[in-house]
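Undergrad: Just one file: data-v1.pdb, with PDB, C-alpha atoms.
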ATOM      1  CA  MET A1199     131.993  92.781  56.529
ATOM      2  CA  LYS A1200     130.324  90.371  58.910
ATOM      3  CA  VAL A1201     128.261  91.891  61.702
ATOM      4  CA  LYS A1202     127.377  89.709  64.704
ATOM      5  CA  LEU A1203     124.027  91.294  65.435
ATOM      6  CA  LYS A1204     122.695  88.673  67.906
ATOM      7  CA  GLU A1205     119.441  90.586  68.195
ATOM      8  CA  ASN A1206     116.030  89.223  69.113
ATOM      9  CA  VAL A1207     113.795  89.571  66.049
ATOM     10  CA  LEU A1208     110.975  90.863  68.227
ATOM     11  CA  LYS A1209     113.199  93.527  69.859
ATOM     12  CA  ASP A1210     110.996  96.486  68.896
ATOM     13  CA  LEU A1211     107.876  94.677  70.057
ATOM     14  CA  THR A1212     109.572  93.808  73.348
ATOM     15  CA  MET A1213     110.327  97.503  73.827
ATOM     16  CA  ALA A1214     106.677  98.333  73.156
ATOM     17  CA  ALA A1215     105.618  95.634  75.643
ATOM     18  CA  ASN A1216     107.942  97.097  78.283
ATOM     19  CA  PHE A1217     106.478 100.529  77.640
ATOM     20  CA  ASN A1218     102.953  99.176  78.147
ATOM     21  CA  ARG A1219     104.069  97.339  81.272
ATOM     22  CA  LYS A1220     105.432 100.553  82.770
ATOM     23  CA  VAL A1221     102.173 102.417  82.106
ATOM     24  CA  PHE A1222     100.176  99.600  83.720
ATOM     25  CA  LYS A1223     102.547  99.352  86.715
ATOM     26  CA  ASP A1224     102.670 103.109  87.321
ATOM     27  CA  HIS A1225      98.884 103.134  87.567
ATOM     28  CA  LYS A1226      98.617  99.850  89.483
ATOM     29  CA  THR A1227      96.362  98.395  86.810
ATOM     30  CA  LEU A1228      96.204  94.592  86.702
ATOM     31  CA  VAL A1229      96.302  93.426  83.074
ATOM     32  CA  ILE A1230      95.189  89.994  81.926
ATOM     33  CA  ASN A1231      95.712  88.779  78.353
ATOM     34  CA  VAL A1232      93.032  86.206  77.516
ATOM     35  CA  MET A1233      93.718  83.775  74.670
ATOM     36  CA  SER A1234      91.945  80.754  73.157
ATOM     37  CA  SER A1235      90.790  79.299  69.861
ATOM     38  CA  PRO A1236      87.692  80.877  68.290
ATOM     39  CA  GLY A1237      84.554  79.894  70.132
ATOM     40  CA  ALA A1238      86.095  78.723  73.414
ATOM     41  CA  GLY A1239      84.043  81.330  75.255
ATOM     42  CA  LYS A1240      86.443  84.187  75.979
ATOM     43  CA  THR A1241      83.819  86.907  75.580
ATOM     44  CA  THR A1242      81.204  85.077  77.631
ATOM     45  CA  LEU A1243      83.799  84.464  80.340
ATOM     46  CA  LEU A1244      84.696  88.158  80.326
ATOM     47  CA  GLU A1245      81.040  89.207  80.442
ATOM     48  CA  GLU A1246      80.420  87.039  83.495
ATOM     49  CA  THR A1247      83.710  88.116  85.093
ATOM     50  CA  VAL A1248      82.836  91.767  84.643
ATOM     51  CA  LYS A1249      79.368  91.213  86.093
ATOM     52  CA  SER A1250      80.924  89.648  89.210
ATOM     53  CA  LEU A1251      83.632  92.251  89.701
ATOM     54  CA  GLY A1252      82.041  95.363  88.242
ATOM     55  CA  ASN A1253      80.688  96.706  91.540
ATOM     56  CA  ASP A1254      84.029  96.561  93.340
ATOM     57  CA  TYR A1255      86.530  97.289  90.593
ATOM     58  CA  SER A1256      86.830  99.732  87.763
ATOM     59  CA  ILE A1257      87.256  97.588  84.647
ATOM     60  CA  ALA A1258      88.257  98.220  81.032
ATOM     61  CA  VAL A1259      88.557  95.875  78.074
ATOM     62  CA  ILE A1260      90.521  95.760  74.823
ATOM     63  CA  GLU A1261      88.827  93.517  72.286
ATOM     64  CA  GLY A1262      90.871  91.999  69.479
ATOM     65  CA  ASP A1263      89.116  90.651  66.408
ATOM     66  CA  LEU A1264      89.845  90.387  62.711
ATOM     67  CA  ALA A1265      86.676  92.277  61.901
ATOM     68  CA  THR A1266      83.516  93.788  63.475
ATOM     69  CA  ASP A1267      83.040  95.365  66.886
ATOM     70  CA  ARG A1268      80.479  92.838  68.029
ATOM     71  CA  ASP A1269      82.475  91.743  71.062
ATOM     72  CA  ALA A1270      83.154  95.354  72.039
ATOM     73  CA  GLU A1271      79.398  96.045  71.842
ATOM     74  CA  ARG A1272      78.731  93.112  74.165
ATOM     75  CA  MET A1273      81.133  94.579  76.735
ATOM     76  CA  ARG A1274      79.889  98.163  76.280
ATOM     77  CA  SER A1275      76.314  97.042  76.875
ATOM     78  CA  LEU A1276      77.519  96.123  80.387
ATOM     79  CA  GLY A1277      78.805  99.677  80.866
ATOM     80  CA  ILE A1278      82.462  98.740  80.408
ATOM     81  CA  LYS A1279      84.913 101.084  78.713
ATOM     82  CA  THR A1280      85.991  99.017  75.696
ATOM     83  CA  VAL A1281      88.326  99.662  72.792
ATOM     84  CA  GLN A1282      88.075  97.424  69.762
ATOM     85  CA  ILE A1283      91.168  96.551  67.725
ATOM     86  CA  ASN A1284      90.466  95.112  64.277
ATOM     87  CA  THR A1285      93.542  93.380  62.906
ATOM     88  CA  VAL A1286      91.994  92.984  59.420
ATOM     89  CA  GLY A1287      93.316  89.470  58.948
ATOM     90  CA  GLY A1288      96.146  89.667  61.477
ATOM     91  CA  CYS A1289      96.353  86.508  63.571
ATOM     92  CA  HIS A1290      97.371  88.017  66.930
ATOM     93  CA  LEU A1291      97.571  91.247  68.923
ATOM     94  CA  ASP A1292     101.011  92.757  69.454
ATOM     95  CA  ALA A1293     102.352  95.305  71.937
ATOM     96  CA  ARG A1294     102.387  98.146  69.385
ATOM     97  CA  MET A1295      98.669  97.718  68.736
ATOM     98  CA  ILE A1296      98.038  97.828  72.497
ATOM     99  CA  ALA A1297     100.306 100.891  72.931
ATOM    100  CA  LYS A1298      98.255 102.770  70.331
ATOM    101  CA  THR A1299      95.055 102.262  72.327
ATOM    102  CA  LEU A1300      96.510 103.446  75.662
ATOM    103  CA  PRO A1301      95.639 107.154  75.184
ATOM    104  CA  GLU A1302      91.975 106.157  75.019
ATOM    105  CA  PHE A1303      92.027 105.032  78.657
ATOM    106  CA  ASP A1304      92.356 106.966  81.893
ATOM    107  CA  PHE A1305      94.494 104.505  83.810
ATOM    108  CA  HIS A1306      94.240 106.477  87.070
ATOM    109  CA  ASP A1307      90.732 105.122  87.192
ATOM    110  CA  ILE A1308      91.229 101.540  85.942
ATOM    111  CA  ASP A1309      91.903  98.642  88.334
ATOM    112  CA  LEU A1310      91.574  95.785  85.878
ATOM    113  CA  LEU A1311      92.226  95.673  82.146
ATOM    114  CA  PHE A1312      91.293  92.554  80.222
ATOM    115  CA  ILE A1313      92.728  92.095  76.750
ATOM    116  CA  GLU A1314      90.786  89.618  74.646
ATOM    117  CA  ASN A1315      93.215  88.338  72.050
ATOM    118  CA  ILE A1316      92.432  87.006  68.554
ATOM    119  CA  GLY A1317      90.935  83.509  68.600
ATOM    120  CA  ASN A1318      93.966  81.382  67.760
ATOM    121  CA  LEU A1319      95.992  78.856  69.792
ATOM    122  CA  VAL A1320      99.248  79.459  67.922
ATOM    123  CA  CYS A1321     100.295  83.014  67.133
ATOM    124  CA  PRO A1322      99.150  85.019  70.200
ATOM    125  CA  SER A1323     101.380  82.852  72.412
ATOM    126  CA  GLY A1324     104.506  84.459  70.969
ATOM    127  CA  TYR A1325     103.616  88.083  71.732
ATOM    128  CA  ASP A1326     104.194  89.831  75.022
ATOM    129  CA  LEU A1327     101.662  92.669  75.361
ATOM    130  CA  GLY A1328     103.022  93.939  78.677
ATOM    131  CA  GLN A1329     100.358  92.070  80.652
ATOM    132  CA  ASP A1330     100.738  90.760  84.205
ATOM    133  CA  TYR A1331      99.210  87.389  83.362
ATOM    134  CA  LYS A1332      98.444  85.313  80.310
ATOM    135  CA  VAL A1333      95.353  83.143  80.513
ATOM    136  CA  VAL A1334      94.340  80.494  77.989
ATOM    137  CA  VAL A1335      90.768  79.217  77.755
ATOM    138  CA  LEU A1336      90.179  75.708  76.422
ATOM    139  CA  SER A1337      86.581  74.572  76.071
ATOM    140  CA  VAL A1338      85.285  71.056  76.575
ATOM    141  CA  PRO A1339      84.043  70.574  72.953
ATOM    142  CA  GLU A1340      87.583  71.195  71.650
ATOM    143  CA  GLY A1341      88.911  68.102  73.423
ATOM    144  CA  ASN A1342      91.665  67.727  75.997
ATOM    145  CA  ASP A1343      94.182  66.739  73.313
ATOM    146  CA  LYS A1344      94.608  70.427  72.445
ATOM    147  CA  ILE A1345      97.013  70.798  75.368
ATOM    148  CA  PRO A1346      99.678  68.416  73.961
ATOM    149  CA  LYS A1347      98.905  69.576  70.414
ATOM    150  CA  TYR A1348      99.641  73.230  71.183
ATOM    151  CA  PRO A1349     102.399  72.931  73.794
ATOM    152  CA  VAL A1350     103.904  76.359  73.152
ATOM    153  CA  MET A1351     100.665  78.150  74.052
ATOM    154  CA  PHE A1352     100.173  76.151  77.252
ATOM    155  CA  ARG A1353     103.864  76.450  78.129
ATOM    156  CA  ARG A1354     103.802  80.234  77.985
ATOM    157  CA  THR A1355     100.538  80.809  79.829
ATOM    158  CA  ASP A1356     100.116  81.346  83.571
ATOM    159  CA  VAL A1357      96.563  80.060  83.880
ATOM    160  CA  THR A1358      94.722  77.373  81.911
ATOM    161  CA  ILE A1359      90.937  77.545  82.203
ATOM    162  CA  ILE A1360      88.775  74.666  81.051
ATOM    163  CA  ASN A1361      85.465  76.285  80.068
ATOM    164  CA  LYS A1362      82.018  74.795  79.318
ATOM    165  CA  ILE A1363      82.356  72.086  81.981
ATOM    166  CA  ASP A1364      78.550  71.863  81.954
ATOM    167  CA  LEU A1365      79.095  69.806  78.763
ATOM    168  CA  LEU A1366      81.350  67.232  80.450
ATOM    169  CA  PRO A1367      78.541  64.652  80.853
ATOM    170  CA  TYR A1368      77.972  64.679  77.089
ATOM    171  CA  LEU A1369      81.451  64.819  75.616
ATOM    172  CA  PRO A1370      84.585  62.698  75.954
ATOM    173  CA  PHE A1371      86.812  65.314  77.588
ATOM    174  CA  ASP A1372      89.205  63.809  80.124
ATOM    175  CA  ILE A1373      89.919  66.393  82.853
ATOM    176  CA  GLU A1374      92.519  64.222  84.610
ATOM    177  CA  GLU A1375      94.427  63.707  81.373
ATOM    178  CA  ALA A1376      94.277  67.458  80.707
ATOM    179  CA  LYS A1377      95.816  68.116  84.137
ATOM    180  CA  LYS A1378      98.489  65.492  83.554
ATOM    181  CA  ASP A1379      99.384  66.858  80.114
ATOM    182  CA  LEU A1380      99.519  70.411  81.432
ATOM    183  CA  ALA A1381     101.810  69.303  84.281
ATOM    184  CA  SER A1382     104.191  67.724  81.769
ATOM    185  CA  ILE A1383     104.343  70.959  79.764
ATOM    186  CA  HIS A1384     104.059  73.685  82.394
ATOM    187  CA  PRO A1385     103.960  72.340  85.963
ATOM    188  CA  LYS A1386     103.609  75.789  87.531
ATOM    189  CA  ALA A1387     100.509  76.722  85.506
ATOM    190  CA  GLU A1388      97.273  77.301  87.403
ATOM    191  CA  PHE A1389      94.472  74.968  86.336
ATOM    192  CA  LYS A1390      90.847  76.051  86.645
ATOM    193  CA  GLN A1391      87.621  74.515  85.429
ATOM    194  CA  LEU A1392      84.368  76.378  85.084
ATOM    195  CA  SER A1393      81.296  77.082  83.042
ATOM    196  CA  ALA A1394      80.869  80.772  82.282
ATOM    197  CA  LEU A1395      77.327  79.919  81.163
ATOM    198  CA  THR A1396      76.069  78.185  84.325
ATOM    199  CA  GLY A1397      78.432  79.916  86.752
ATOM    200  CA  GLU A1398      79.896  76.668  88.092
ATOM    201  CA  GLY A1399      83.525  77.175  89.136
ATOM    202  CA  MET A1400      83.393  80.948  88.528
ATOM    203  CA  ASP A1401      84.012  81.754  92.219
ATOM    204  CA  GLU A1402      87.493  80.272  92.142
ATOM    205  CA  TRP A1403      88.395  82.253  89.015
ATOM    206  CA  ILE A1404      87.024  85.482  90.499
ATOM    207  CA  GLN A1405      88.970  84.872  93.712
ATOM    208  CA  TRP A1406      92.129  84.292  91.665
ATOM    209  CA  ILE A1407      91.669  87.717  90.007
ATOM    210  CA  LYS A1408      91.081  89.394  93.385
ATOM    211  CA  ASP A1409      94.265  87.825  94.778
ATOM    212  CA  ALA A1410      96.213  88.831  91.684
ATOM    213  CA  TYR A1411      94.927  92.385  92.054
ATOM    214  CA  GLN A1412      96.099  92.525  95.683
ATOM    215  CA  LYS A1413      99.562  91.418  94.555
ATOM    216  CA  CYS A1414      99.470  94.037  91.834
ATOM    217  CA  ILE A1415      98.714  96.968  94.155
ATOM    218  CA  LYS A1416     100.959  95.747  97.017
ATOM    219  CA  PRO A1417     103.863  94.051  95.283
TER     220      PRO A1417
ATOM    221  CA  MET B 932     101.171  82.339  60.317
ATOM    222  CA  HIS B 933     102.618  85.809  60.398
ATOM    223  CA  GLU B 934     106.026  85.171  58.911
ATOM    224  CA  MET B 935     105.625  88.071  56.491
ATOM    225  CA  SER B 936     105.581  90.532  59.379
ATOM    226  CA  LEU B 937     108.373  88.630  61.150
ATOM    227  CA  MET B 938     110.522  88.828  58.021
ATOM    228  CA  SER B 939     109.798  92.528  57.891
ATOM    229  CA  GLU B 940     111.058  92.866  61.513
ATOM    230  CA  ILE B 941     114.229  90.995  60.526
ATOM    231  CA  ILE B 942     114.855  93.276  57.553
ATOM    232  CA  ASN B 943     114.204  96.364  59.693
ATOM    233  CA  LEU B 944     116.703  95.208  62.327
ATOM    234  CA  VAL B 945     119.371  94.553  59.707
ATOM    235  CA  SER B 946     118.623  97.771  57.809
ATOM    236  CA  GLU B 947     118.839  99.932  60.921
ATOM    237  CA  ASP B 948     122.181  98.465  61.880
ATOM    238  CA  ALA B 949     123.525  98.540  58.320
ATOM    239  CA  ARG B 950     122.634 102.218  57.945
ATOM    240  CA  LEU B 951     124.741 103.058  61.018
ATOM    241  CA  ARG B 952     127.706 101.256  59.465
ATOM    242  CA  ALA B 953     127.186 102.776  56.002
ATOM    243  CA  ILE B 954     126.627  99.311  54.561
ATOM    244  CA  GLN B 955     124.812  99.521  51.248
ATOM    245  CA  LYS B 956     124.420  95.891  50.220
ATOM    246  CA  VAL B 957     123.634  92.905  52.373
ATOM    247  CA  SER B 958     124.851  89.601  50.961
ATOM    248  CA  LYS B 959     123.727  87.244  53.712
ATOM    249  CA  ILE B 960     121.445  87.201  56.760
ATOM    250  CA  GLU B 961     121.742  84.471  59.348
ATOM    251  CA  VAL B 962     118.696  83.791  61.515
ATOM    252  CA  ILE B 963     118.272  81.267  64.335
ATOM    253  CA  VAL B 964     114.805  79.699  64.634
ATOM    254  CA  GLY B 965     114.010  77.478  67.601
ATOM    255  CA  SER B 966     111.717  74.498  67.104
ATOM    256  CA  LEU B 967     109.477  75.826  69.917
ATOM    257  CA  SER B 968     109.413  79.429  68.708
ATOM    258  CA  ASN B 969     106.213  78.902  66.706
ATOM    259  CA  VAL B 970     108.024  80.325  63.668
ATOM    260  CA  LEU B 971     107.981  78.333  60.440
ATOM    261  CA  PRO B 972     111.356  78.440  58.637
ATOM    262  CA  GLU B 973     109.772  77.553  55.276
ATOM    263  CA  ALA B 974     107.267  80.389  55.572
ATOM    264  CA  LEU B 975     110.095  82.782  56.491
ATOM    265  CA  GLU B 976     111.883  81.751  53.297
ATOM    266  CA  ILE B 977     108.795  82.456  51.208
ATOM    267  CA  ALA B 978     108.423  85.850  52.881
ATOM    268  CA  PHE B 979     112.095  86.570  52.236
ATOM    269  CA  PHE B 980     111.649  85.697  48.566
ATOM    270  CA  TYR B 981     108.853  88.256  48.429
ATOM    271  CA  PHE B 982     111.065  90.957  49.968
ATOM    272  CA  GLN B 983     113.905  90.102  47.552
ATOM    273  CA  LYS B 984     111.554  90.953  44.686
ATOM    274  CA  GLN B 985     110.602  94.274  46.264
ATOM    275  CA  GLY B 986     113.695  96.061  45.033
ATOM    276  CA  LEU B 987     114.750  97.261  48.467
ATOM    277  CA  GLU B 988     118.036  99.119  48.670
ATOM    278  CA  LEU B 989     119.888  96.690  50.880
ATOM    279  CA  ILE B 990     118.413  93.384  49.887
ATOM    280  CA  ASP B 991     118.146  91.951  46.427
ATOM    281  CA  GLU B 992     118.021  88.609  44.650
ATOM    282  CA  GLU B 993     121.652  87.927  45.498
ATOM    283  CA  THR B 994     121.065  88.257  49.231
ATOM    284  CA  GLU B 995     121.088  84.900  50.938
ATOM    285  CA  LEU B 996     118.921  83.972  53.906
ATOM    286  CA  HIS B 997     120.491  81.291  56.060
ATOM    287  CA  ILE B 998     118.220  79.781  58.684
ATOM    288  CA  ILE B 999     119.836  77.844  61.525
ATOM    289  CA  ARG B1000     117.329  75.512  63.129
ATOM    290  CA  GLU B1001     117.714  75.164  66.859
ATOM    291  CA  THR B1002     116.327  71.943  68.278
ATOM    292  CA  ALA B1003     114.624  72.053  71.653
ATOM    293  CA  GLN B1004     116.535  70.886  74.690
ATOM    294  CA  SER B1005     115.322  70.385  78.230
ATOM    295  CA  LYS B1006     117.373  69.737  81.341
ATOM    296  CA  CYS B1007     116.049  67.871  84.349
ATOM    297  CA  LYS B1008     116.484  69.842  87.558
ATOM    298  CA  ASN B1009     116.368  66.609  89.524
ATOM    299  CA  CYS B1010     118.736  64.158  87.804
ATOM    300  CA  GLY B1011     120.498  66.518  85.383
ATOM    301  CA  PHE B1012     119.508  64.478  82.310
ATOM    302  CA  GLU B1013     119.426  66.516  79.099
ATOM    303  CA  PHE B1014     116.985  65.543  76.371
ATOM    304  CA  GLU B1015     115.160  66.722  73.276
ATOM    305  CA  PRO B1016     111.546  66.956  74.445
ATOM    306  CA  ASP B1017     108.467  66.105  72.436
ATOM    307  CA  TYR B1018     105.432  68.081  73.623
ATOM    308  CA  GLN B1019     106.201  67.090  77.227
ATOM    309  CA  ILE B1020     108.669  69.917  77.619
ATOM    310  CA  ALA B1021     108.851  69.754  81.410
ATOM    311  CA  LEU B1022     108.755  65.959  81.928
ATOM    312  CA  CYS B1023     112.034  64.068  82.413
ATOM    313  CA  PRO B1024     111.915  60.791  80.447
ATOM    314  CA  LYS B1025     114.479  59.291  82.827
ATOM    315  CA  CYS B1026     113.294  60.057  86.360
ATOM    316  CA  GLU B1027     109.801  61.443  85.507
ATOM    317  CA  TRP B1028     110.456  64.701  87.349
ATOM    318  CA  THR B1029     108.014  67.324  86.053
ATOM    319  CA  ASP B1030     109.868  70.579  86.439
ATOM    320  CA  CYS B1031     112.531  70.426  83.748
ATOM    321  CA  LEU B1032     114.111  73.557  82.415
ATOM    322  CA  LEU B1033     113.760  74.381  78.729
ATOM    323  CA  VAL B1034     117.317  75.427  77.849
ATOM    324  CA  LYS B1035     116.983  75.702  74.073
ATOM    325  CA  GLY B1036     114.314  75.863  71.409
ATOM    326  CA  GLU B1037     112.610  79.222  71.875
ATOM    327  CA  THR B1038     115.261  81.354  70.167
ATOM    328  CA  PHE B1039     114.266  83.630  67.337
ATOM    329  CA  LYS B1040     117.057  86.037  66.540
ATOM    330  CA  VAL B1041     119.181  87.575  63.849
ATOM    331  CA  GLU B1042     122.565  86.019  64.565
ATOM    332  CA  SER B1043     124.586  87.969  61.990
ATOM    333  CA  TYR B1044     124.601  89.531  58.567
ATOM    334  CA  GLU B1045     127.233  90.199  55.958
ATOM    335  CA  GLY B1046     127.400  93.338  53.893
ATOM    336  CA  SER B1047     129.570  95.736  51.993
ATOM    337  CA  ASP B1048     129.667  99.509  51.602
ATOM    338  CA  GLY B1049     129.257  99.146  47.863
ATOM    339  CA  THR B1050     132.739 100.302  46.921
TER     340      THR B1050
END
Before we go any further, please render this structure as structure tokens.

TA:
Amino acid sequence: MKVKLKENVLKDLTMAANFNRKVFKDHKTLVINVMSSPGAGKTTLLEETVKSLGNDYSIAVIEGDLATDRDAERMRSLGIKTVQINTVGGCHLDARMIAKTLPEFDFHDIDLLFIENIGNLVCPSGYDLGQDYKVVVLSVPEGNDKIPKYPVMFRRTDVTIINKIDLLPYLPFDIEEAKKDLASIHPKAEFKQLSALTGEGMDEWIQWIKDAYQKCIKP
Amino acid sequence: MHEMSLMSEIINLVSEDARLRAIQKVSKIEVIVGSLSNVLPEALEIAFFYFQKQGLELIDEETELHIIRETAQSKCKNCGFEFEPDYQIALCPKCEWTDCLLVKGETFKVESYEGSDGT
């Protein structure tokens, strides 16, 4: 007997993502899934983002790492409700892992939820977590050639942030080429450049989050 | 590289459906993998080999995994040209329009399976 199943392999995970999405929508919580390779500065970017927005918004964070809760401790030290997921070798977060953490949050009281994914430019791109936006952080020391080298990640991401622009005078990172490559892969992607360390360019990123939040609460 | 867990999703999908149809042995599974799905067909095969050795009820060493590779295809919204993109998924090589539609290449699905009720 031949059965024409024609079923998406990630069907169950898509259902979990839709479940998460409904929880987030019902509570008008804006959810941003932040991805990058290890060391691009996701946690530092989140720390600085939280410091800028923390007075006006109620923020929570889910930290994904293979091991340790070091990143979660960094966020908690800023007074942010943070849940750490350790994937113990797993290369990405998936919607089931996120769904399991939801009971730990009181979403009535959360405006913004940031999910810091596992440092990896390949696997996290394939997994819908139920977020409103996917953001990828690429840092100057990695080189602008990472955009054409990892097209699937940049194709599936709403915002590309170039981080550590304070290092531009010292390293051969070509911003114009990065923009051009991104346009050839995902022309509708937002392109931002900043340094989470020095604060340069952070205002534009913060404004983007505020605008996204307005859209989230008044669709 | 998470093809082991992806293979496990594939086997779960097939097993769930087979149980409903009282199928007891699966002889073949057909999977479509797009070139832009970030799934490695070779790694899926290795994972499948591992599951074959597990002595599962439905799947054994005689079960065949057939992977159909789907090449990427983009279509220019401006001039209608269809092409197999390199990394420049959205860039038309003919008219240089930069908002091309990716029509194929991201698929990752179980197309079909074959099985018997064991009688």

Undergrad: What are the residues of chain B lining chain A at 10 Å or less? Count all atoms listed in the file, and put the answer as an NGL selection string.

TA: :B and (932-933 or 936-945 or 948-949 or 952 or 954 or 957-963 or 967-970 or 1016-1023 or 1027-1031 or 1037-1048)

Undergrad: How would you write as a PyMOL selection string the residues that get within 9 Å of (80.5, 77.5, 84.4) in the file's frame, counting all atoms listed in the file?

TA: chain A and resi 1243+1361-1364+1391-1400

Undergrad: Using Å and a single decimal, report how far CA of Ser1250 (chain A) sits from CA of Lys1279 (chain A).

TA: 16.0 Å

Undergrad: With distances taken over only C-alpha atoms, which residue among A:Gly1252, A:Pro1417, A:Pro1301, A:Gly1317 lies nearest Ala1265 (chain A)?

TA: A:Gly1317

Undergrad: When the PyMOL selection byres ((chain A and resi 1358) around 9) is applied to the file above, which residues end up in the set, as a list in words?

TA: Lys1332, Val1333, Val1334, Val1335, Leu1336, Phe1352, Thr1355, Asp1356, Val1357, Ile1359, Ile1360, Leu1380, Ala1387, Glu1388, Phe1389, Lys1390 and Gln1391 of chain A

Undergrad: Using Å and a single decimal, report how far CA of Thr1212 (chain A) sits from CA of Gln955 (chain B).

TA: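 These atoms are spaced 27.4 Å apart.
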
Undergrad: So how many Å separate CA of Leu1264 (chain A) and CA of Thr1285 (chain A), to one decimal?

TA: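 If I compute the distance from CA of Leu1264 (chain A) to CA of Thr1285 (chain A), I get 4.8 Å.
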
Undergrad: Would you mind listing what lies within 9 Å of Glu976 (chain B) as a list in words, with only C-alpha atoms counted and same-chain residues fewer than 5 positions away left out?

TA: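 Listed by chain and then number, they are Glu934, Met938, Leu971, Tyr981, Leu996 and Ile998 of chain B.
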
Undergrad: Specify as a tab-separated table (two decimals) with C-alpha atoms, in the frame of the given file each residue included when the PyMOL selection byres ((chain A and resi 1314) around 6) is applied to this file.

TA:
chain	number	residue	atom	x	y	z
A	1232	VAL	CA	93.03	86.21	77.52
A	1261	GLU	CA	88.83	93.52	72.29
A	1262	GLY	CA	90.87	92.00	69.48
A	1313	ILE	CA	92.73	92.10	76.75
A	1315	ASN	CA	93.22	88.34	72.05

Undergrad: Could you expand the PyMOL selection byres ((chain A and resi 1220) around 12) into the explicit residues it covers here, written as an MDAnalysis selection string?

TA: chainID A and resid 1213:1219 1221:1229 1297 1300 1305 1327:1330

Undergrad: Place a sphere of radius 10 Å on (90.2, 104.7, 83.5) in the file coordinates and name every protein, DNA or RNA residue with an atom inside or on its surface, counting all atoms listed in the file; give the answer as a PyMOL selection string.

TA: chain A and resi 1225+1227+1256-1258+1279+1302-1311

Undergrad: Can you tell me which residues surround Gly1036 (chain B) at a distance of at most 6 Å, considering all atoms listed in the file, apart from same-chain residues fewer than 5 positions away, and format the answer as a PyMOL selection string?

TA: chain B and resi 965-967+1001-1003

Undergrad: Save region 1019-1032 of chain B from what I just supplied, as an mmCIF file, in the first residue's frame, atoms limited to N, CA and C atoms.

TA:
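Here's the written file part_0.cif:
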data_model
loop_
_atom_site.group_PDB
_atom_site.id
_atom_site.type_symbol
_atom_site.label_atom_id
_atom_site.label_comp_id
_atom_site.auth_asym_id
_atom_site.auth_seq_id
_atom_site.Cartn_x
_atom_site.Cartn_y
_atom_site.Cartn_z
ATOM 1 N N GLN B 1019 22.469 34.325 -4.350
ATOM 2 C CA GLN B 1019 21.676 35.533 -4.609
ATOM 3 C C GLN B 1019 20.250 35.156 -4.999
ATOM 4 N N ILE B 1020 19.529 34.686 -3.974
ATOM 5 C CA ILE B 1020 18.215 34.093 -4.174
ATOM 6 C C ILE B 1020 17.235 35.076 -4.818
ATOM 7 N N ALA B 1021 17.363 36.353 -4.451
ATOM 8 C CA ALA B 1021 16.354 37.332 -4.863
ATOM 9 C C ALA B 1021 16.784 38.178 -6.055
ATOM 10 N N LEU B 1022 17.973 37.902 -6.618
ATOM 11 C CA LEU B 1022 18.514 38.764 -7.685
ATOM 12 C C LEU B 1022 18.358 38.101 -9.054
ATOM 13 N N CYS B 1023 17.646 38.775 -9.960
ATOM 14 C CA CYS B 1023 17.435 38.223 -11.305
ATOM 15 C C CYS B 1023 18.716 38.385 -12.125
ATOM 16 N N PRO B 1024 19.265 37.288 -12.654
ATOM 17 C CA PRO B 1024 20.500 37.388 -13.434
ATOM 18 C C PRO B 1024 20.267 38.045 -14.799
ATOM 19 N N LYS B 1025 18.995 38.164 -15.190
ATOM 20 C CA LYS B 1025 18.694 38.699 -16.516
ATOM 21 C C LYS B 1025 18.468 40.221 -16.465
ATOM 22 N N CYS B 1026 17.540 40.646 -15.602
ATOM 23 C CA CYS B 1026 17.223 42.082 -15.585
ATOM 24 C C CYS B 1026 17.700 42.764 -14.299
ATOM 25 N N GLU B 1027 18.344 42.006 -13.408
ATOM 26 C CA GLU B 1027 18.926 42.524 -12.156
ATOM 27 C C GLU B 1027 17.901 43.076 -11.176
ATOM 28 N N TRP B 1028 16.656 42.706 -11.344
ATOM 29 C CA TRP B 1028 15.604 43.023 -10.380
ATOM 30 C C TRP B 1028 15.938 42.312 -9.064
ATOM 31 N N THR B 1029 15.685 42.961 -7.918
ATOM 32 C CA THR B 1029 16.110 42.317 -6.669
ATOM 33 C C THR B 1029 14.951 41.858 -5.788
ATOM 34 N N ASP B 1030 13.830 41.544 -6.368
ATOM 35 C CA ASP B 1030 12.764 41.033 -5.511
ATOM 36 C C ASP B 1030 12.144 39.777 -6.123
ATOM 37 N N CYS B 1031 13.015 38.817 -6.435
ATOM 38 C CA CYS B 1031 12.536 37.582 -7.058
ATOM 39 C C CYS B 1031 11.923 36.658 -6.010
ATOM 40 N N LEU B 1032 10.992 35.872 -6.490
ATOM 41 C CA LEU B 1032 10.275 34.962 -5.610
ATOM 42 C C LEU B 1032 10.987 33.610 -5.598
#
